[in-house]
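This report refers to the structure that appears directly beneath it.
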Amino acid sequence: MKRFWIALLLLGAIFTGTLFHIRSLHGFTDTLSALLEQADELAAAEQWDQARDLTVQAKDTWGDRDVYLHVLLRHADTDSIYAGFRETLALLDSQEYGEYAAANARLVTQIQLLYEAEQLTLKNIF
């Protein structure tokens with residue numbers, strides 16, 4: 001009976017950790033998406049320097065949690081988001097709004113899909 005309670009306690013701890021991770025990831029991805037969407041609005045208004053500053057802020061925020069993200073998420077996803085930041089910043093430097101807007105929209109979508117992939121839904125479980 002003792003093994004049962006230990007196993008149940010471990011399962012509860014894992015489940016609690018999973019819920020904490022999902023909640024944390026939701027707030028993190030919402031923050032990044034909001035920064036990148038604000039940057040897009042600034043770029044549309046041809047305020048390129050401010051748009052770049054917000055994108056760099058989002059990239060730095062991503063970089064601050066890089067180890068955590070690489071441990072808990074698929075490396076291919078985290079690597080493609082990092083590449084998306086680099087592409088978006090390069091397009092901001094060239095001040096080509098059309099290409100920048102498309103790259104930024106892809107990056108926002110990739111970031112939002114991180115959270116969706118981690119949610120506890122039947123689709124993700126099975």
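Ligands are numbered from 1 in the order shown, chains are lettered A, B, ... in the order of the structure tokens, and residues start at 1 in each chain.
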
Considering only C-alpha atoms, return as a compact mmCIF listing (two decimals) with C-alpha atoms, in the first residue's frame whatever protein or nucleic-acid residues lie within 7 Å of stretch 108-112 of chain A, sequence-local ones (same chain, fewer than 3 positions apart) excluded.
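Output file result30.txt follows:
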# COMPACT_ATOMS: atom_id res chain seq x y z
CA THR A 29 3.70 33.33 -25.38
CA SER A 33 2.90 37.85 -29.27
CA LEU A 36 5.53 41.44 -31.90
CA ILE A 81 11.42 30.51 -33.55
CA ASN A 104 6.42 38.61 -38.27
CA ALA A 105 3.01 36.95 -38.72
CA TYR A 115 1.21 27.00 -26.19
CA GLU A 116 -1.43 25.15 -28.19

Near A:Ala90, within 10 Å and counting only C-alpha atoms, which residues show up once chain neighbours fewer than 6 positions away are dropped, as a PyMOL selection string?
chain A and resi 52+84+96+100

Got a sec: who's within 12 Å of A:Asp53, counting only C-alpha atoms, leaving out chain neighbours fewer than 6 positions off, as a short mmCIF file (atom, residue, chain, number, x, y, z; two decimals) with C-alpha atoms, in the first residue's frame?
data_model
loop_
_atom_site.label_atom_id
_atom_site.label_comp_id
_atom_site.auth_asym_id
_atom_site.auth_seq_id
_atom_site.Cartn_x
_atom_site.Cartn_y
_atom_site.Cartn_z
CA LEU A 35 5.27 42.70 -28.32
CA LEU A 36 5.53 41.44 -31.90
CA GLN A 38 2.91 46.12 -31.42
CA ALA A 39 6.11 46.05 -33.46
CA ASP A 40 4.06 45.28 -36.58
CA LEU A 42 4.84 50.51 -35.52
CA ALA A 43 6.43 49.17 -38.70
CA GLN A 47 8.45 53.77 -37.10
CA LYS A 59 13.97 38.20 -28.70
CA ASP A 60 15.77 39.00 -25.43
CA THR A 88 12.26 39.39 -38.71
CA LEU A 89 15.08 41.58 -37.43
CA LEU A 92 13.19 45.34 -40.12
CA ASP A 93 16.67 46.56 -41.02
#

Given only C-alpha atoms as the basis, pick out the residue of A:Ala51, A:Val71, A:Val56, A:Asp30 nearest to A:Tyr97.
A:Ala51

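Between atom CA of A:Leu73 and atom CA of A:Leu114 the separation is 8.1 Å.
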
Which residue of A:Ala117, A:Glu46, A:Asp79, A:Lys2 approaches A:Gly98 most closely, using only C-alpha atoms
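Closest to A:Gly98, using only C-alpha atoms: A:Glu46.
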
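Atom CA of A:Ile14 is found 28.4 Å from atom CA of A:Tyr82.
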
What does the distance from atom CA of A:Ala58 to atom CA of A:Thr31 come to in Å, to one decimal?
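Here the two named atoms are 8.2 Å from each other.
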